[in-house]
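Colleague: Supplied in structure tokens, the structure appears directly below.
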Amino acid sequence: MEEEQHRPGFCHFRINAVKDSMELLSGKWKIHLLGTLLYGGPMRFTDLQLELSGIGPKMLTSQLQDLELNHLITRSVQQTKPITVIYELTDFGRSLEPVIDAIAQWGIDYRETLYGKKVHD
């Protein structure tokens with residue numbers, strides 16, 4: 001009986017954790033952006049815009065600001081002429097690597113299932 005009483009609280013805690021994670025990572029671009037920085041390393045704004053085909057500058061700026069605010073990426077201003085801004089994952093952002101790898105593998109498996117053949121990098 002005690003186990004049954006404990007379980008709903010545990011599930012509620014986990015569901016809230018999933019909700020928090022989804023609020024932080026939801027949207028069309030955030031996982032894509034984090035994956036790009038994970039696999040591509042530090043990048044400038046223009047490089048990110050090229051890698052994330054279809055994202056506009058305002059949306060990219062908004063997503064970068066949100067990820068920086070949530071301590072997943074850092075923004076470093078280089079004292080060059082013209083000034084260069086570099087974005088990269090924080091250690092906390094890098095902790096998403098297993099999640100992003102799992103999403104990538106799921107996408108590979110899905111495409112293989114959908115098209116019935118192996119998909120290569």
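How things are named: the first chain in the structure tokens is A, the next is B, and so on; residues count from 1 in each chain; ligands count from 1 in the order shown.
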Using only C-alpha atoms, determine which residues lie at most 10 Å from region 22-27 of chain A, disregarding the query and same-chain residues fewer than 5 positions distant; provide the list as a list of chain:residue names.
Modeller: A:Asn16, A:Ala17, A:His32, A:Leu34, A:Gln63, A:Asp66, A:Leu67, A:Asn70, A:Leu72
Colleague: Among chain A, which residues carry a DSSP assignment of alpha helix (DSSP H), reported as a PyMOL selection string?
Modeller: chain A and resi 2-25+30-40+45-51+57-69+91-94+97-115
Colleague: Could you check how far CA of Gly35 (chain A) sits from CA of Ile100 (chain A), in Å to one decimal?
Modeller: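 Between CA of Gly35 (chain A) and CA of Ile100 (chain A) the gap works out to 6.4 Å.
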Colleague: How many Å lie between CA of Leu48 (chain A) and CA of Gln78 (chain A), rounded to one decimal?
Modeller: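 Going from CA of Leu48 (chain A) over to CA of Gln78 (chain A) covers 16.6 Å.
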Colleague: Please, what distance in Å, to one decimal, runs between CA of Thr84 (chain A) and CA of Glu51 (chain A)?
Modeller: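 Distance between the two atoms: 17.5 Å.
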Colleague: Between A:Asp101, A:Asp109, A:Asp20, A:Asp91, which residue has the minimum interatomic distance to Thr36 (chain A), considering only C-alpha atoms?
Modeller: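 Selected residue with least distance to Thr36 (chain A): A:Asp101.
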Colleague: Run DSSP on the backbone of this structure and report the residues of region 14-86 of chain A it assigns to strand (DSSP E or B), as a list in words.
Modeller: Met43, Arg44, Ile73, Thr74, Arg75, Ser76, Val77, Gln78, Thr84, Val85 and Ile86 of chain A
Colleague: Which residues come within 8 Å of Ile86 (chain A), counting only C-alpha atoms, excluding same-chain residues fewer than 6 positions away, as a list in words?
Modeller: Pro42, Met43, Arg44, Phe45, Arg75, Ser76, Val77 and Gln78 of chain A
Colleague: Do you know which residues are at most 9 Å from Leu64 (chain A) counting only C-alpha atoms, after dropping those on the same chain fewer than 6 positions away, and could you put them as a short mmCIF file (atom, residue, chain, number, x, y, z; two decimals) with N, CA and C atoms, in the first residue's frame?
Modeller:
```cif
data_model
loop_
_atom_site.label_atom_id
_atom_site.label_comp_id
_atom_site.auth_asym_id
_atom_site.auth_seq_id
_atom_site.Cartn_x
_atom_site.Cartn_y
_atom_site.Cartn_z
N LYS A 30 15.78 24.64 -31.36
CA LYS A 30 16.71 24.51 -30.23
C LYS A 30 17.53 23.23 -30.26
N LEU A 33 19.93 23.45 -33.10
CA LEU A 33 21.00 24.39 -32.76
C LEU A 33 22.00 23.77 -31.79
N ILE A 73 24.46 27.57 -23.61
CA ILE A 73 25.52 28.06 -24.51
C ILE A 73 26.13 29.33 -23.91
N THR A 74 27.33 29.64 -24.42
CA THR A 74 27.96 30.91 -24.06
C THR A 74 28.15 31.72 -25.34
N ARG A 75 28.21 33.01 -25.15
CA ARG A 75 28.43 33.97 -26.23
C ARG A 75 29.70 34.71 -25.88
N TYR A 87 29.69 31.38 -30.47
CA TYR A 87 28.74 30.66 -29.62
C TYR A 87 29.25 29.24 -29.43
#
```
Colleague: For His71 (chain A), work out the shell of residues within 7 Å, counting only C-alpha atoms and skipping chain neighbours fewer than 3 positions away, then give it as a PyMOL selection string.
Modeller: chain A and resi 67-68+90+92
